[in-house]
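Below is one structure, written out as structure tokens; comments come after it.
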Amino acid sequence: MNKRTQKAITTVLAILLIVSQLAAPVLAYEKINKENDNITFTDEELFISEDVAEEIAKLFIADMNETGLTNWTSSVQVINVVPMYDGSDERNVSAYTVKLNKGYVVVSAYVDVPNIILEWSDEATPLYEQFDLAENDDVVYNGALYYYKDDGSGILKTLDGIPIQRDQLINYLDVKRDCAHIPATIKEYLAELVEKSNKHQDNPTRSNYAISDPFAHALNLYTGPFIANDWQNHWEAGSSSFECHTTGEFANLGNGFYRHCGPTAITNMLINFGNRFGVSSIYNEDADDIFLTVADIGIDEWWYINNSNPIIGGTSNTFADGYILACFSAYNVLGIDVNGRYNINYTNIKTSLSNDRLVYVLIDGHEYYGDHHVLCYAYTRLVSSTTGNYYSYIKVADGWFSSPRYIDLISLNGDKYWEVEYYSYVN
């Protein structure tokens, strides 16, 4: 897949981030089974907000700039965003005109159209400017060049000044909408975002703080006493320790970084891998420089968007495998595979960590961590001597503390992870 195609896919992904507003304050998604290919969504779930539409337009402009085929330059700026309506009595938004200091871009208000970018020009002004609009007038848009002025009277006017009754309008955008237009990757992403709204509601865990001692946490929450029943840790044998760098260490590098838990987790992965296996290209480099390399790779490929906006900013769950592989390749480390995305549960985690894999965890809507990416490298399972019940914890570099923390597996119900296999280094 070339860079331009990758950007186009990521542009659509940016749209779907709006769905996260329905459930929690960017990402973990397993492929939809074939029997679910006909899944349908509500208009609310397919809707694109004004803020996201603006970001989509910016991504489109940046992509077009790289072609050299437009009159846009890197200095092009957004002047304002004008919502346009479908002309119905409900005043449903149909699209947005993102007006620029040079040209404009029209972005669909729904993701299930054949093309998200409905119109654009690198020179002309938006066509709705031909109307003599009063303060309370609406711009109605029902497809390319189908603009109308709506003053609320029920009689709309075309660009040519021809009057038309509201009930005579034909919404050419609406008739083209179909979930079949949503690429399979995007559909799976959207489906799991929708499911996110129900994920933690029926499973209160009281894991609303950082856990430094799983025994203490279990005693506070469950019936003890407890003994360690099972564990796995390939990274802290003998005097070896696991380095835990934090987002705070890197936040003020360069021009500043935001929502950079993904690059931080990958940085921790590279540093500890380099230390354990003696990769000189990694352990001879400063942590700040490794982070900057990782962040730059993510920014260049649109796997990481350095933006404080919780809707737009952050690291993609969907392309985390490619992101991790590219970062290892940047340090000439071959023999790496990234597999997943797997459901987080005791059986899967035990299998991954027993096989000496690193685990890149995608957390959504956690009571303490919210939406977050962390690096897991060990687990501990406790059993109650009183009840015989088992309680499992993963050990992580959580990007917030400079020493390891634990996460109660039950609090990650429904979350996913990528498994990093370094088969050329471990027999």
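Lettering and numbering for the structure tokens are positional, with chains as A, B, ... in the shown order, residues counted from 1 in each chain, and ligands counted from 1 in the shown order.
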Q. Could you pull the residues within 8 Å of range 210-224 of chain A, counting only C-alpha atoms, minus those fewer than 2 positions along the same chain, as a PyMOL selection string?
A. chain A and resi 206-208+226+368+382+384-387+391+393+404-408
Practice prompt. Considering only C-alpha atoms, return as a list in words whatever protein or nucleic-acid residues lie within 10 Å of Gly248 in chain A, sequence-local ones (same chain, fewer than 6 positions apart) excluded.
Written response: Phe257, Tyr258, His260, Cys261, Thr264, Gly399, Trp400, Phe401 and Ser402 of chain A
Practice prompt. Any chance you could list, as a PyMOL selection string, the residues in range 197-349 of chain A that come up strand (DSSP E) when DSSP is run on the backbone?
Written response: chain A and resi 226-233+304-305+314-315+337-343
Give me the residues within 12 Å of range 99-104 of chain A as an MDAnalysis selection string, counting only C-alpha atoms and dropping any in the same chain fewer than 4 places off.
chainID A and resid 53:54 57:58 60:61 70:83 117:129
Limited to C-alpha atoms, could you put the picked residues into a file as a PDB file, in the first residue's frame?
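Produced file again20.pdb, reproduced below:
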ATOM      1  CA  ALA A  53     -15.241  17.451   8.751  1.00  0.00           C
ATOM      2  CA  GLU A  54     -12.723  20.272   9.076  1.00  0.00           C
ATOM      3  CA  ALA A  57     -10.689  18.643   4.661  1.00  0.00           C
ATOM      4  CA  LYS A  58      -7.232  19.446   6.044  1.00  0.00           C
ATOM      5  CA  PHE A  60      -7.460  16.011   1.908  1.00  0.00           C
ATOM      6  CA  ILE A  61      -5.676  19.298   1.199  1.00  0.00           C
ATOM      7  CA  THR A  70      -3.354  21.981  -7.355  1.00  0.00           C
ATOM      8  CA  ASN A  71      -2.790  25.652  -6.619  1.00  0.00           C
ATOM      9  CA  TRP A  72      -2.931  24.972  -2.896  1.00  0.00           C
ATOM     10  CA  THR A  73       0.215  25.409  -0.858  1.00  0.00           C
ATOM     11  CA  SER A  74       1.146  24.592   2.725  1.00  0.00           C
ATOM     12  CA  SER A  75      -0.051  28.078   3.701  1.00  0.00           C
ATOM     13  CA  VAL A  76      -3.699  27.427   2.807  1.00  0.00           C
ATOM     14  CA  GLN A  77      -5.952  28.141   5.797  1.00  0.00           C
ATOM     15  CA  VAL A  78      -9.494  27.340   6.873  1.00  0.00           C
ATOM     16  CA  ILE A  79     -11.616  30.487   7.175  1.00  0.00           C
ATOM     17  CA  ASN A  80     -14.795  28.879   8.476  1.00  0.00           C
ATOM     18  CA  VAL A  81     -17.011  25.805   8.189  1.00  0.00           C
ATOM     19  CA  VAL A  82     -20.590  26.219   6.976  1.00  0.00           C
ATOM     20  CA  PRO A  83     -23.051  23.404   7.732  1.00  0.00           C
ATOM     21  CA  ILE A 117     -15.177  14.666  -0.476  1.00  0.00           C
ATOM     22  CA  LEU A 118     -18.194  15.798  -2.484  1.00  0.00           C
ATOM     23  CA  GLU A 119     -16.749  18.895  -4.178  1.00  0.00           C
ATOM     24  CA  TRP A 120     -13.620  20.967  -4.056  1.00  0.00           C
ATOM     25  CA  SER A 121     -11.871  23.834  -5.773  1.00  0.00           C
ATOM     26  CA  ASP A 122      -8.389  25.242  -5.259  1.00  0.00           C
ATOM     27  CA  GLU A 123      -9.425  28.675  -6.599  1.00  0.00           C
ATOM     28  CA  ALA A 124     -13.183  29.342  -6.709  1.00  0.00           C
ATOM     29  CA  THR A 125     -15.350  30.585  -3.856  1.00  0.00           C
ATOM     30  CA  PRO A 126     -18.156  28.361  -2.510  1.00  0.00           C
ATOM     31  CA  LEU A 127     -21.204  28.411  -4.760  1.00  0.00           C
ATOM     32  CA  TYR A 128     -23.576  29.258  -1.907  1.00  0.00           C
ATOM     33  CA  GLU A 129     -22.049  32.745  -1.879  1.00  0.00           C
TER      34      GLU A 129
END
- Task: Tell me which protein, DNA and RNA residues are within 8 Å of range 268-279 of chain A, counting only C-alpha atoms, leaving out same-chain ones fewer than 6 positions away, and put them as a list in words.
- Result: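 With the cut-off at 8 Å, the set is Trp235, Phe242, Glu243, Cys244, His245, Ala287, Phe328, Leu358, Leu375, Ala397 and Tyr425 of chain A.
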Quick one: write out the picked residues with C-alpha atoms as a short mmCIF file (atom, residue, chain, number, x, y, z; two decimals), in the first residue's frame?
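Final output, part.cif:
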data_model
loop_
_atom_site.label_atom_id
_atom_site.label_comp_id
_atom_site.auth_asym_id
_atom_site.auth_seq_id
_atom_site.Cartn_x
_atom_site.Cartn_y
_atom_site.Cartn_z
CA TRP A 235 12.05 -9.43 31.24
CA PHE A 242 12.14 -3.02 32.85
CA GLU A 243 12.54 0.61 31.77
CA CYS A 244 9.34 2.62 31.96
CA HIS A 245 9.53 5.96 30.19
CA ALA A 287 15.45 7.75 24.91
CA PHE A 328 11.73 -1.75 14.46
CA LEU A 358 5.59 -8.34 24.05
CA LEU A 375 3.14 -2.01 26.88
CA ALA A 397 4.84 0.15 31.39
CA TYR A 425 15.85 -13.51 18.83
#
Could you go through range 122-307 of chain A and tell me which residues DSSP, when run on the backbone, assigns to alpha helix (DSSP H), listing them as JSON, numbers by chain?
{"A": [172, 173, 174, 175, 176, 184, 185, 186, 187, 188, 189, 190, 191, 192, 193, 194, 195, 214, 215, 216, 217, 218, 219, 220, 221, 247, 248, 249, 250, 261, 262, 263, 264, 265, 266, 267, 268, 269, 270, 271, 272, 273, 274, 275, 276, 277, 280, 281, 282, 283, 287, 288, 289, 290, 291, 292, 293, 294, 295, 296, 297, 298, 299, 300]}
Which residue of A:Thr158, A:Asn307, A:Ser392, A:Asn142 approaches Ile344 in chain A most closely, using only C-alpha atoms:
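Going through A:Thr158, A:Asn307, A:Ser392, A:Asn142 one by one, the smallest distance to Ile344 in chain A is for A:Ser392.
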When you draw a straight line from CA of Glu135 in chain A to CA of Gly154 in chain A, how long is it in Å?
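Atom-to-atom, CA of Glu135 in chain A to CA of Gly154 in chain A, that is 16.9 Å.
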*asked:* I'd like the neighbourhood of Tyr422 in chain A as a PyMOL selection string, where a residue qualifies if any of its atoms comes within 10 Å (using only C-alpha atoms), though same-chain residues fewer than 6 positions away should be ignored.
replied: chain A and resi 273+333-338+356-358
Point to revise | Thr351 in chain A surroundings by only C-alpha atoms, 12 Å radius, close-in-sequence under 3 positions cut, as an NGL selection string | key: :A and (231-232 or 342 or 344-348 or 354-359 or 378-379 or 419)
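Comparing the minimum interatomic distances between Val383 in chain A and each of A:Pro163, A:Gly68, A:Pro225, A:Pro183, counting only C-alpha atoms, we find that A:Pro225 sits nearest.
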Item to check | Exercise: Phe291 in chain A partners within 9 Å, only C-alpha atoms, chain neighbours under 3 positions left out, as a count of residues only | outcome: 12
Item to complete: Go ahead and compute the interatomic distance for CA of Glu50 in chain A and CA of Val111 in chain A, in Å to one decimal.
Response: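 Taking CA of Glu50 in chain A as the start and CA of Val111 in chain A as the end point, the length is 13.1 Å.
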